file entry.csv (CSV, C-alpha atoms)
chain,number,residue,atom,x,y,z
A,1,MET,CA,56.5,15.5,14.6
A,2,SER,CA,59.9,17.4,14.9
A,3,ALA,CA,63.2,15.6,15.0
A,4,SER,CA,63.9,16.7,18.6
A,5,ALA,CA,60.5,15.4,19.7
A,6,GLU,CA,61.3,12.1,18.1
A,7,ARG,CA,64.5,11.8,20.0
A,8,GLN,CA,62.7,12.4,23.2
A,9,ARG,CA,60.3,9.6,22.4
A,10,PRO,CA,62.3,6.5,21.4
A,11,ASP,CA,59.5,4.2,22.1
A,12,GLY,CA,58.5,2.9,18.7
A,13,GLN,CA,55.2,1.4,19.9
A,14,GLN,CA,54.1,4.7,21.4
A,15,ARG,CA,54.9,6.5,18.2
A,16,ALA,CA,52.9,4.0,16.1
A,17,GLU,CA,50.0,4.5,18.4
A,18,GLN,CA,50.2,8.2,18.1
A,19,GLN,CA,50.4,8.0,14.3
A,20,ALA,CA,47.3,5.7,14.3
A,21,ALA,CA,45.5,8.2,16.4
A,22,GLU,CA,46.4,11.1,14.1
A,23,GLN,CA,45.2,9.2,11.1
A,24,HIS,CA,42.0,8.2,12.8
A,25,GLU,CA,41.2,11.8,13.5
A,26,THR,CA,41.5,13.0,10.0
A,27,TRP,CA,38.8,12.2,7.5
A,28,PRO,CA,39.9,11.2,4.0
A,29,LEU,CA,40.2,13.8,1.3
A,30,TRP,CA,37.8,14.0,-1.6
A,31,GLU,CA,37.9,15.9,-4.9
A,32,VAL,CA,34.7,17.6,-5.9
A,33,PHE,CA,33.4,18.1,-9.4
A,34,ILE,CA,30.4,20.3,-10.1
A,35,ARG,CA,28.3,20.6,-13.3
A,36,SER,CA,26.6,23.9,-13.6
A,37,SER,CA,23.1,24.3,-15.1
A,38,ARG,CA,24.6,25.5,-18.4
A,39,GLY,CA,27.7,23.3,-18.3
A,40,LEU,CA,28.1,20.1,-20.3
A,41,SER,CA,30.8,18.5,-18.1
A,42,HIS,CA,31.7,18.3,-14.4
A,43,VAL,CA,34.4,20.8,-13.5
A,44,HIS,CA,36.8,20.4,-10.6
A,45,ALA,CA,35.7,22.8,-7.9
A,46,GLY,CA,38.0,21.9,-5.0
A,47,SER,CA,38.5,19.3,-2.3
A,48,LEU,CA,37.1,18.6,1.1
A,49,HIS,CA,37.2,16.1,4.0
A,50,ALA,CA,34.4,13.7,4.7
A,51,PRO,CA,34.1,10.3,6.6
A,52,ASP,CA,32.6,8.6,3.6
A,53,ALA,CA,31.3,9.1,0.1
A,54,VAL,CA,27.7,9.8,1.1
A,55,MET,CA,28.8,12.5,3.5
A,56,ALA,CA,31.2,13.9,1.0
A,57,VAL,CA,28.4,14.6,-1.5
A,58,ARG,CA,26.5,16.4,1.3
A,59,ASN,CA,29.6,18.4,2.4
A,60,ALA,CA,30.2,19.3,-1.3
A,61,ARG,CA,26.7,20.6,-1.5
A,62,ASP,CA,27.3,22.9,1.5
A,63,LEU,CA,30.8,24.0,0.5
A,64,TYR,CA,30.5,24.4,-3.3
A,65,THR,CA,26.9,24.9,-4.3
A,66,ARG,CA,25.7,27.5,-1.8
A,67,ARG,CA,25.0,30.1,-4.4
A,68,GLY,CA,23.2,27.8,-6.8
A,69,GLU,CA,26.3,27.0,-8.8
A,70,GLY,CA,25.5,23.4,-9.6
A,71,VAL,CA,22.9,20.8,-10.7
A,72,SER,CA,25.1,17.8,-10.3
A,73,VAL,CA,28.0,16.9,-7.9
A,74,TRP,CA,30.6,14.2,-8.2
A,75,VAL,CA,33.0,13.2,-5.5
A,76,VAL,CA,36.1,11.1,-6.0
A,77,PRO,CA,38.6,9.9,-3.3
A,78,SER,CA,41.7,12.0,-3.8
A,79,SER,CA,43.8,8.9,-3.4
A,80,ALA,CA,42.1,7.4,-6.5
A,81,ILE,CA,43.6,10.1,-8.7
A,82,THR,CA,46.8,9.5,-10.5
A,83,ALA,CA,48.5,12.7,-11.5
A,84,SER,CA,51.3,13.8,-13.7
A,85,ASP,CA,54.5,14.9,-12.0
A,86,VAL,CA,54.5,18.7,-11.6
A,87,ASP,CA,58.3,18.8,-11.3
A,88,ALA,CA,58.8,16.9,-14.5
A,89,ARG,CA,56.4,19.0,-16.5
A,90,ASP,CA,59.0,20.5,-18.9
A,91,ALA,CA,59.9,17.1,-20.2
A,92,PHE,CA,56.4,15.7,-20.0
A,93,PHE,CA,54.9,18.5,-22.2
A,94,GLU,CA,57.9,19.2,-24.3
A,95,SER,CA,56.7,17.5,-27.5
A,96,ALA,CA,53.7,19.8,-27.6
A,97,GLU,CA,55.9,22.9,-27.6
A,98,GLY,CA,57.2,24.4,-30.8
A,99,LYS,CA,54.7,22.6,-33.0
A,100,GLU,CA,52.6,25.5,-34.1
A,101,PHE,CA,51.4,23.5,-37.2
A,102,ARG,CA,49.2,21.6,-34.8
A,103,HIS,CA,47.0,24.7,-34.4
A,104,ALA,CA,44.5,25.7,-37.1
A,105,THR,CA,45.7,29.3,-36.9
A,106,TYR,CA,49.1,28.2,-38.3
A,107,TYR,CA,47.7,27.8,-41.8
A,108,THR,CA,46.6,30.5,-44.2
A,109,ALA,CA,43.5,30.0,-46.3
A,110,SER,CA,44.3,29.3,-49.9
A,111,GLU,CA,43.0,31.7,-52.5
A,112,GLY,CA,39.8,30.7,-54.1
A,113,VAL,CA,38.5,28.5,-51.3
A,114,PRO,CA,35.1,29.7,-50.3
A,115,HIS,CA,33.2,29.2,-47.1
A,116,LEU,CA,36.3,28.6,-44.9
B,1,MET,CA,-8.7,34.5,5.3
B,2,ARG,CA,-8.8,36.9,2.4
B,3,HIS,CA,-5.7,38.3,0.8
B,4,THR,CA,-5.6,41.2,-1.5
B,5,ASN,CA,-2.3,40.1,-2.9
B,6,ARG,CA,-1.6,36.5,-3.5
B,7,ALA,CA,1.6,37.0,-5.5
B,8,ILE,CA,3.5,35.8,-2.4
B,9,SER,CA,4.4,32.3,-3.4
B,10,THR,CA,7.9,31.6,-4.6
B,11,ALA,CA,11.2,32.2,-2.8
B,12,VAL,CA,9.4,34.1,0.0
B,13,SER,CA,11.7,35.9,2.4
B,14,ALA,CA,11.4,38.6,5.1
B,15,GLU,CA,12.2,41.2,2.5
B,16,THR,CA,9.4,40.1,0.1
B,17,ILE,CA,6.9,39.9,2.9
B,18,GLU,CA,7.8,43.4,4.0
B,19,ARG,CA,7.4,44.7,0.5
B,20,GLU,CA,4.1,42.8,-0.1
B,21,LEU,CA,2.8,44.3,3.2
B,22,GLU,CA,3.7,47.8,2.0
B,23,GLU,CA,1.9,47.0,-1.2
B,24,GLY,CA,-1.3,46.1,0.5
B,25,LEU,CA,-1.0,42.5,1.6
B,26,ASP,CA,-3.4,41.9,4.5
B,27,ARG,CA,-1.8,42.1,7.9
B,28,PRO,CA,-2.4,39.1,10.1
B,29,SER,CA,-5.1,39.2,12.8
B,30,ASP,CA,-3.8,39.3,16.4
B,31,ALA,CA,-4.5,35.5,16.7
B,32,VAL,CA,-2.6,34.6,13.5
B,33,ALA,CA,0.3,36.8,14.5
B,34,ARG,CA,0.6,35.1,17.9
B,35,TYR,CA,0.7,31.7,16.1
B,36,ALA,CA,3.3,32.9,13.7
B,37,LEU,CA,5.3,34.4,16.6
B,38,GLY,CA,5.6,30.9,18.2
B,39,LEU,CA,6.8,29.3,14.9
B,40,GLY,CA,9.3,32.2,14.4
B,41,ASP,CA,10.7,31.9,17.9
B,42,ASP,CA,11.2,28.1,17.5
B,43,ALA,CA,13.3,28.7,14.3
B,44,LEU,CA,15.1,31.7,15.7
B,45,ILE,CA,16.3,30.1,18.9
B,46,LEU,CA,17.4,26.9,17.2
B,47,ALA,CA,19.3,29.0,14.6
B,48,GLN,CA,21.1,30.9,17.5
B,49,ARG,CA,22.1,27.5,19.1
B,50,LEU,CA,23.5,26.2,15.8
B,51,GLY,CA,25.4,29.4,15.3
B,52,GLU,CA,27.2,28.6,18.5
B,53,TRP,CA,28.9,25.7,16.7
B,54,ILE,CA,30.6,27.9,14.2
B,55,ALA,CA,34.4,27.5,14.7
B,56,HIS,CA,33.7,24.7,17.2
B,57,ALA,CA,32.4,21.8,15.1
B,58,PRO,CA,34.5,18.6,14.9
B,59,GLU,CA,35.6,19.3,11.3
B,60,LEU,CA,35.5,22.4,9.2
B,61,GLU,CA,33.1,20.8,6.8
B,62,GLU,CA,30.6,20.1,9.6
B,63,ASP,CA,31.1,23.7,10.9
B,64,VAL,CA,29.8,24.8,7.5
B,65,ALA,CA,26.9,22.3,7.5
B,66,LEU,CA,25.6,23.3,10.9
B,67,GLY,CA,26.1,27.0,10.0
B,68,ASN,CA,24.1,26.5,6.8
B,69,ILE,CA,21.2,24.8,8.6
B,70,GLY,CA,21.2,27.6,11.2
B,71,LEU,CA,21.1,30.2,8.4
B,72,ASP,CA,18.2,28.4,6.8
B,73,LEU,CA,16.3,28.4,10.1
B,74,LEU,CA,17.1,32.1,10.6
B,75,GLY,CA,15.5,32.8,7.2
B,76,HIS,CA,12.3,31.0,8.3
B,77,ALA,CA,12.4,32.9,11.6
B,78,ARG,CA,12.7,36.3,9.9
B,79,SER,CA,9.8,35.6,7.6
B,80,PHE,CA,7.5,34.5,10.5
B,81,LEU,CA,8.6,37.3,12.7
B,82,THR,CA,8.2,40.0,10.0
B,83,TYR,CA,4.7,38.8,9.3
B,84,ALA,CA,3.8,38.5,13.0
B,85,GLY,CA,5.2,41.9,13.8
B,86,SER,CA,3.3,43.6,11.1
B,87,ALA,CA,0.1,43.0,13.2
B,88,TRP,CA,1.5,45.1,16.0
B,89,GLY,CA,3.6,47.6,14.1
B,90,LEU,CA,6.9,45.9,15.1
B,91,GLY,CA,9.8,44.8,12.9
B,92,GLU,CA,11.6,41.5,13.1
B,93,ASP,CA,14.5,43.1,15.0
B,94,ASP,CA,12.1,44.5,17.6
B,95,LEU,CA,10.8,41.0,18.2
B,96,ALA,CA,14.2,39.3,18.2
B,97,TYR,CA,16.2,41.7,20.2
B,98,PHE,CA,13.9,43.7,22.5
B,99,ARG,CA,11.7,41.0,24.1
B,100,ASP,CA,12.6,39.5,27.4
B,101,GLU,CA,12.7,35.8,28.4
B,102,HIS,CA,9.1,35.4,29.4
B,103,GLU,CA,7.9,37.0,26.1
B,104,PHE,CA,9.5,34.4,23.9
B,105,ARG,CA,7.1,31.6,22.7
B,106,ASN,CA,9.6,29.0,21.5
B,107,GLN,CA,9.2,25.4,22.8
B,108,GLN,CA,12.0,24.3,25.1
B,109,LEU,CA,13.6,21.7,22.9
B,110,PHE,CA,15.0,24.5,20.7
B,111,GLU,CA,16.7,26.3,23.6
B,112,ARG,CA,18.5,23.2,25.0
B,113,PRO,CA,22.2,23.7,25.2
B,114,ASN,CA,24.3,22.2,22.4
B,115,GLY,CA,26.1,19.7,24.6
B,116,ASP,CA,28.5,17.6,22.5
B,117,PHE,CA,28.0,16.9,18.8
B,118,ALA,CA,25.8,13.9,19.4
B,119,HIS,CA,23.5,16.0,21.7
B,120,THR,CA,23.2,18.6,18.9
B,121,ILE,CA,22.5,15.9,16.3
B,122,ALA,CA,19.8,14.3,18.6
B,123,ARG,CA,18.1,17.7,19.0
B,124,GLN,CA,18.4,18.4,15.3
B,125,LEU,CA,16.8,15.0,14.4
B,126,PHE,CA,13.8,15.7,16.6
B,127,ALA,CA,13.5,19.3,15.5
B,128,SER,CA,13.9,18.6,11.8
B,129,VAL,CA,11.4,15.8,11.7
B,130,TYR,CA,9.0,18.1,13.6
B,131,PHE,CA,9.5,21.0,11.3
B,132,ASP,CA,9.1,18.7,8.3
B,133,ALA,CA,5.8,17.4,9.5
B,134,LEU,CA,4.6,20.9,10.5
B,135,TYR,CA,5.5,22.7,7.3
B,136,ARG,CA,4.2,19.9,5.1
B,137,ARG,CA,0.8,20.6,6.7
B,138,LEU,CA,1.1,24.4,6.9
B,139,THR,CA,1.6,24.6,3.1
B,140,SER,CA,-2.1,24.1,2.8
B,141,SER,CA,-2.9,26.8,5.4
B,142,ALA,CA,-5.8,29.1,4.5
B,143,ASP,CA,-3.3,32.0,5.3
B,144,ALA,CA,-1.5,32.4,2.0
B,145,THR,CA,1.6,34.0,3.7
B,146,LEU,CA,2.0,31.2,6.2
B,147,ALA,CA,1.6,28.7,3.4
B,148,ALA,CA,4.2,30.4,1.3
B,149,ILE,CA,6.7,30.5,4.2
B,150,ALA,CA,6.1,26.9,4.9
B,151,ALA,CA,6.6,25.9,1.2
B,152,LYS,CA,9.9,27.6,1.1
B,153,ALA,CA,11.0,26.2,4.4
B,154,LEU,CA,10.0,22.7,3.6
B,155,LYS,CA,12.5,22.3,0.8
B,156,GLU,CA,15.3,23.3,3.2
B,157,VAL,CA,14.0,21.2,6.1
B,158,GLU,CA,14.0,18.1,4.0
B,159,TYR,CA,17.8,18.4,3.7
B,160,HIS,CA,18.1,19.1,7.5
B,161,VAL,CA,16.3,15.8,8.2
B,162,ASP,CA,18.7,14.0,5.9
B,163,HIS,CA,21.7,15.5,7.5
B,164,SER,CA,20.7,14.4,11.0
B,165,VAL,CA,19.5,11.0,9.9
B,166,GLN,CA,22.9,10.4,8.3
B,167,TRP,CA,24.7,11.4,11.5
B,168,VAL,CA,22.5,9.4,13.9
B,169,ARG,CA,23.3,6.4,11.7
B,170,ARG,CA,27.0,7.0,11.6
B,171,LEU,CA,27.3,7.8,15.3
B,172,GLY,CA,25.0,4.9,16.4
B,173,LEU,CA,26.8,2.3,14.2
B,174,GLY,CA,30.3,3.9,14.6
B,175,THR,CA,32.6,3.2,17.5
B,176,ASP,CA,31.7,2.2,21.0
B,177,VAL,CA,32.3,5.8,22.1
B,178,SER,CA,30.2,7.4,19.4
B,179,HIS,CA,27.4,4.9,20.1
B,180,VAL,CA,27.3,5.7,23.8
B,181,ARG,CA,27.4,9.4,23.1
B,182,MET,CA,24.6,9.3,20.6
B,183,GLN,CA,22.4,7.3,23.0
B,184,ALA,CA,23.2,9.9,25.7
B,185,GLY,CA,22.3,12.7,23.3
B,186,LEU,CA,18.9,11.1,22.5
B,187,ASP,CA,18.2,10.5,26.2
B,188,ALA,CA,19.1,14.1,27.1
B,189,MET,CA,16.8,15.6,24.4
B,190,TRP,CA,13.9,13.1,24.6
B,191,PRO,CA,12.1,14.8,27.6
B,192,PHE,CA,11.6,17.9,25.4
B,193,VAL,CA,9.9,16.0,22.5
B,194,ASP,CA,6.5,15.7,24.2
B,195,GLU,CA,6.0,19.5,24.4
B,196,LEU,CA,6.1,19.7,20.6
B,197,PHE,CA,2.8,17.8,20.3
B,198,ARG,CA,0.8,19.3,23.2
B,199,PRO,CA,-2.2,21.4,22.3
B,200,ASP,CA,-1.1,24.9,21.6
B,201,PRO,CA,-3.4,27.7,22.8
B,202,SER,CA,-2.2,30.0,20.0
B,203,ALA,CA,-3.2,27.4,17.4
B,204,ALA,CA,-6.6,26.8,18.9
B,205,GLY,CA,-9.4,28.7,17.2
B,206,LEU,CA,-7.4,29.0,14.0
B,207,GLU,CA,-9.0,26.1,12.2
B,208,GLY,CA,-7.7,25.8,8.6
B,209,VAL,CA,-4.9,28.4,9.3
B,210,ALA,CA,-2.8,26.8,12.1
B,211,VAL,CA,-1.8,23.1,12.3
B,212,PRO,CA,-2.9,21.5,15.6
B,213,PRO,CA,0.4,20.2,17.1
B,214,GLU,CA,-1.2,17.0,18.4
B,215,GLU,CA,-1.8,15.9,14.7
B,216,LEU,CA,2.0,16.0,14.1
B,217,ARG,CA,2.8,13.2,16.6
B,218,ASP,CA,1.8,10.5,14.1
B,219,PRO,CA,4.3,11.5,11.3
B,220,PHE,CA,7.0,12.0,14.0
B,221,ASP,CA,6.3,8.5,15.4
B,222,ARG,CA,6.4,7.0,12.0
B,223,THR,CA,9.9,8.4,11.3
B,224,VAL,CA,12.0,8.9,14.4
B,225,PRO,CA,11.8,5.5,16.2
B,226,ALA,CA,12.7,3.8,12.9
B,227,VAL,CA,15.8,6.0,12.4
B,228,ILE,CA,16.9,5.3,16.0
B,229,ALA,CA,16.4,1.6,15.7
B,230,GLU,CA,18.1,1.4,12.4
B,231,ALA,CA,21.1,3.1,14.0
B,232,GLY,CA,21.3,0.3,16.6
B,233,LEU,CA,20.1,2.7,19.3
B,234,ARG,CA,17.1,2.5,21.7
B,235,VAL,CA,14.1,4.9,21.8
B,236,PRO,CA,14.4,6.6,25.2
B,237,ASP,CA,11.8,5.8,27.8
B,238,ILE,CA,12.1,8.9,29.9
B,239,PRO,CA,9.3,11.0,31.3
B,240,ALA,CA,8.5,14.3,29.6
B,241,ALA,CA,9.7,17.6,30.9
B,242,ARG,CA,7.2,20.2,32.2
B,243,GLY,CA,7.3,22.3,29.0
B,244,GLY,CA,5.4,25.6,28.8
B,245,GLY,CA,7.6,27.3,26.2
B,246,ARG,CA,4.5,28.6,24.3
B,247,ASP,CA,3.4,30.3,27.5
B,248,GLY,CA,6.8,32.0,28.0
B,249,MET,CA,8.2,29.5,30.5
B,250,HIS,CA,11.8,28.6,29.7
B,251,THR,CA,14.7,26.6,31.1
B,252,GLU,CA,17.7,28.1,32.9
B,253,ALA,CA,19.9,27.9,29.8
B,254,PHE,CA,17.6,30.2,27.9
B,255,GLY,CA,18.6,33.4,29.7
B,256,HIS,CA,22.3,33.0,28.7
B,257,LEU,CA,21.3,32.4,25.1
B,258,LEU,CA,19.2,35.5,25.0
B,259,ALA,CA,21.9,37.7,26.6
B,260,GLU,CA,24.4,36.7,23.9
B,261,MET,CA,21.9,37.1,21.1
B,262,GLN,CA,20.6,40.5,22.2
B,263,VAL,CA,23.6,42.2,23.7
B,264,LEU,CA,24.8,44.0,20.6
B,265,ALA,CA,21.4,45.3,19.5
B,266,ARG,CA,20.7,46.5,23.0
B,267,GLN,CA,24.0,48.2,23.6
B,268,HIS,CA,23.8,50.0,20.2
B,269,PRO,CA,20.1,50.5,19.5
B,270,GLY,CA,19.4,51.2,15.9
B,271,ALA,CA,22.8,50.0,14.8
B,272,THR,CA,22.9,48.4,11.4
B,273,TRP,CA,25.4,45.9,10.0

call {"tool": "encode", "arguments": {"input": "entry.csv", "output": "structure tokens"}}
result
Amino acid sequence: MSASAERQRPDGQQRAEQQAAEQHETWPLWEVFIRSSRGLSHVHAGSLHAPDAVMAVRNARDLYTRRGEGVSVWVVPSSAITASDVDARDAFFESAEGKEFRHATYYTASEGVPHL
Amino acid sequence: MRHTNRAISTAVSAETIERELEEGLDRPSDAVARYALGLGDDALILAQRLGEWIAHAPELEEDVALGNIGLDLLGHARSFLTYAGSAWGLGEDDLAYFRDEHEFRNQQLFERPNGDFAHTIARQLFASVYFDALYRRLTSSADATLAAIAAKALKEVEYHVDHSVQWVRRLGLGTDVSHVRMQAGLDAMWPFVDELFRPDPSAAGLEGVAVPPEELRDPFDRTVPAVIAEAGLRVPDIPAARGGGRDGMHTEAFGHLLAEMQVLARQHPGATW
């Protein structure tokens, strides 16, 4: 709702009712994870709206497995996911930067070591 | 029925049937073709109705679900019509786009207007349970092609049943408004259920090939009233409509459906897309 529209409608009760109606009309969001026939783990495929978990699995089947992509589907309420802060990613992932010695390719094989 | 080529069994489609026919698969007799035509028309017309929901469903996800079911049905229709048409030297498009109202053999339930979402779900529940019972029996048809089409369709129809059962339950047990609308949908579609189980002249005389519709009433009655009761709704007690779809008699709404379905093919004959 725009600021001007809010000014035209000072009635707080009316606004609360409208917000409730808007919430009512939107199904909750679910995150979809699909395991392909050759995959070992479920991979995030996308998200969708559904009224409940049972319908979310069915909607996921329709939206994300139409071309035989999957043998197993998980759905998770998006609200159940706690995520890292995208804006703070520089600081959050800083300690991993500049530490090439954590990668195997950093090291050279010593002479005389067979089968490495 | 004897078939020179029985390779037709897995993932059957209009294209595979067309190829098998070219490679020597027996064409159906006139009687079998007329039976297949009725089954094809049922699926085709319901597919067209479900297509009308695209971009109009309550939610994007449901738009896709109804569209998917419609496309499944279109696939069944194409297989039946391709097979039926081969008896008369006609292709699936000739049958779908260049027949007039009285030449269509679909039963009237499938042409009923969509109404609101609950009307569509009621029609879909009745239709899916009927298809499920029919195809389950048709898989053991003596006609290998009909059996193969039924086997492919059955897997898809099982999901269609589940989809409509889930929705009947949610609308029936949902809000006061959804409950009233779901009951109204059941009431509106109920008069057209009886026709599905009346003796079908095109199935008569095809013992072992066709499934007598009257034998499908039992599986329907074992499923649908339970679904309705479980959703807190009541099984309608409304007299049956006149019917006659298998004889080419249709309701007023059918002409509008056909006009929309056929206009492009008739204005641009031979066009491909």

call {"tool": "interface_residues", "arguments": {"input": "entry.csv", "of": "chain B", "to": "chain A", "cutoff": "12 Å", "atoms": "all atoms listed in the file", "output": "list of chain:residue names"}}
result
B:Pro58, B:Glu59, B:Leu60, B:Glu61, B:Glu62, B:Asp63, B:Val64, B:Ala65, B:Leu66, B:Gly67, B:Asn68, B:Ile69, B:Leu71, B:Asp72, B:Tyr159, B:His160, B:Asp162, B:His163, B:Ser164, B:Val165, B:Gln166, B:Trp167, B:Arg169, B:Arg170, B:Leu171, B:Gly174, B:Thr175

call {"tool": "atom_distance", "arguments": {"input": "entry.csv", "atom1": "atom CA of Ala210 of chain B", "atom2": "atom CA of Ser141 of chain B"}}
result
6.7 Å

call {"tool": "residues_around", "arguments": {"input": "entry.csv", "residues": "Glu260 of chain B", "least_positions_apart": "4", "cutoff": "12 Å", "atoms": "all atoms listed in the file", "output": "MDAnalysis selection string"}}
result
chainID B and resid 45 48:49 51:52 96:97 253:256 264:267

call {"tool": "atom_distance", "arguments": {"input": "entry.csv", "atom1": "atom CA of Pro113 of chain B", "atom2": "atom CA of Asp41 of chain B"}}
result
15.9 Å

call {"tool": "closest_residue", "arguments": {"input": "entry.csv", "among": "B:Gly172, B:Gly40, B:Gly91, B:Gly75", "to": "Val227 of chain B", "atoms": "all atoms listed in the file"}}
result
B:Gly172

call {"tool": "residues_around", "arguments": {"input": "entry.csv", "residues": "Ser202 of chain B", "least_positions_apart": "5", "cutoff": "10 Å", "atoms": "all atoms listed in the file", "output": "MDAnalysis selection string"}}
result
chainID B and resid 31:38 105 210 212 246:247

call {"tool": "residues_around", "arguments": {"input": "entry.csv", "residues": "segment 131-139 of chain B", "least_positions_apart": "5", "cutoff": "8 Å", "atoms": "only C-alpha atoms", "output": "list of chain:residue names"}}
result
B:Leu146, B:Ala147, B:Ala148, B:Ile149, B:Ala150, B:Ala151, B:Ala153, B:Leu154, B:Val157, B:Glu158, B:Val161, B:Val209, B:Ala210, B:Val211, B:Pro213, B:Leu216, B:Pro219, B:Phe220

call {"tool": "atom_distance", "arguments": {"input": "entry.csv", "atom1": "atom CA of Ala259 of chain B", "atom2": "atom CA of Ala271 of chain B"}}
result
17.1 Å

call {"tool": "residues_around", "arguments": {"input": "entry.csv", "residues": "segment 36-45 of chain A", "least_positions_apart": "4", "cutoff": "9 Å", "atoms": "all atoms listed in the file", "output": "ChimeraX atom specification"}}
result
/A:31-32,64,68-74

call {"tool": "build_atoms", "arguments": {"input": "entry.csv", "residues": "segment 165-183 of chain B", "atoms": "N, CA and C atoms", "output": "PDB file, in the frame of the given file"}}
result
ATOM      1  N   VAL B 165      19.694  12.424  10.032  1.00  0.00           N
ATOM      2  CA  VAL B 165      19.500  11.000   9.900  1.00  0.00           C
ATOM      3  C   VAL B 165      20.901  10.324   9.579  1.00  0.00           C
ATOM      4  N   GLN B 166      21.621  10.935   8.640  1.00  0.00           N
ATOM      5  CA  GLN B 166      22.900  10.400   8.300  1.00  0.00           C
ATOM      6  C   GLN B 166      23.865  10.333   9.478  1.00  0.00           C
ATOM      7  N   TRP B 167      23.816  11.374  10.317  1.00  0.00           N
ATOM      8  CA  TRP B 167      24.700  11.400  11.500  1.00  0.00           C
ATOM      9  C   TRP B 167      24.303  10.472  12.575  1.00  0.00           C
ATOM     10  N   VAL B 168      23.005  10.361  12.820  1.00  0.00           N
ATOM     11  CA  VAL B 168      22.500   9.400  13.900  1.00  0.00           C
ATOM     12  C   VAL B 168      22.999   8.011  13.479  1.00  0.00           C
ATOM     13  N   ARG B 169      22.864   7.690  12.201  1.00  0.00           N
ATOM     14  CA  ARG B 169      23.300   6.400  11.700  1.00  0.00           C
ATOM     15  C   ARG B 169      24.763   6.145  11.929  1.00  0.00           C
ATOM     16  N   ARG B 170      25.560   7.148  11.556  1.00  0.00           N
ATOM     17  CA  ARG B 170      27.000   7.000  11.600  1.00  0.00           C
ATOM     18  C   ARG B 170      27.498   6.920  13.095  1.00  0.00           C
ATOM     19  N   LEU B 171      26.906   7.764  13.936  1.00  0.00           N
ATOM     20  CA  LEU B 171      27.300   7.800  15.300  1.00  0.00           C
ATOM     21  C   LEU B 171      26.821   6.505  16.043  1.00  0.00           C
ATOM     22  N   GLY B 172      25.590   6.110  15.735  1.00  0.00           N
ATOM     23  CA  GLY B 172      25.000   4.900  16.400  1.00  0.00           C
ATOM     24  C   GLY B 172      25.752   3.658  15.993  1.00  0.00           C
ATOM     25  N   LEU B 173      26.138   3.546  14.723  1.00  0.00           N
ATOM     26  CA  LEU B 173      26.800   2.300  14.200  1.00  0.00           C
ATOM     27  C   LEU B 173      28.310   2.502  14.142  1.00  0.00           C
ATOM     28  N   GLY B 174      28.835   3.607  14.691  1.00  0.00           N
ATOM     29  CA  GLY B 174      30.300   3.900  14.600  1.00  0.00           C
ATOM     30  C   GLY B 174      31.079   3.133  15.625  1.00  0.00           C
ATOM     31  N   THR B 175      31.812   3.863  16.447  1.00  0.00           N
ATOM     32  CA  THR B 175      32.600   3.200  17.500  1.00  0.00           C
ATOM     33  C   THR B 175      31.802   3.062  18.754  1.00  0.00           C
ATOM     34  N   ASP B 176      32.373   2.363  19.733  1.00  0.00           N
ATOM     35  CA  ASP B 176      31.700   2.200  21.000  1.00  0.00           C
ATOM     36  C   ASP B 176      31.436   3.582  21.644  1.00  0.00           C
ATOM     37  N   VAL B 177      32.431   4.458  21.529  1.00  0.00           N
ATOM     38  CA  VAL B 177      32.300   5.800  22.100  1.00  0.00           C
ATOM     39  C   VAL B 177      31.187   6.581  21.439  1.00  0.00           C
ATOM     40  N   SER B 178      31.178   6.559  20.102  1.00  0.00           N
ATOM     41  CA  SER B 178      30.200   7.400  19.400  1.00  0.00           C
ATOM     42  C   SER B 178      28.764   6.806  19.666  1.00  0.00           C
ATOM     43  N   HIS B 179      28.655   5.491  19.813  1.00  0.00           N
ATOM     44  CA  HIS B 179      27.400   4.900  20.100  1.00  0.00           C
ATOM     45  C   HIS B 179      26.838   5.339  21.467  1.00  0.00           C
ATOM     46  N   VAL B 180      27.717   5.281  22.476  1.00  0.00           N
ATOM     47  CA  VAL B 180      27.300   5.700  23.800  1.00  0.00           C
ATOM     48  C   VAL B 180      26.923   7.162  23.843  1.00  0.00           C
ATOM     49  N   ARG B 181      27.693   7.977  23.152  1.00  0.00           N
ATOM     50  CA  ARG B 181      27.400   9.400  23.100  1.00  0.00           C
ATOM     51  C   ARG B 181      26.103   9.728  22.410  1.00  0.00           C
ATOM     52  N   MET B 182      25.854   9.009  21.309  1.00  0.00           N
ATOM     53  CA  MET B 182      24.600   9.300  20.600  1.00  0.00           C
ATOM     54  C   MET B 182      23.404   8.869  21.399  1.00  0.00           C
ATOM     55  N   GLN B 183      23.522   7.749  22.109  1.00  0.00           N
ATOM     56  CA  GLN B 183      22.400   7.300  23.000  1.00  0.00           C
ATOM     57  C   GLN B 183      22.209   8.378  24.096  1.00  0.00           C
TER      58      GLN B 183
END
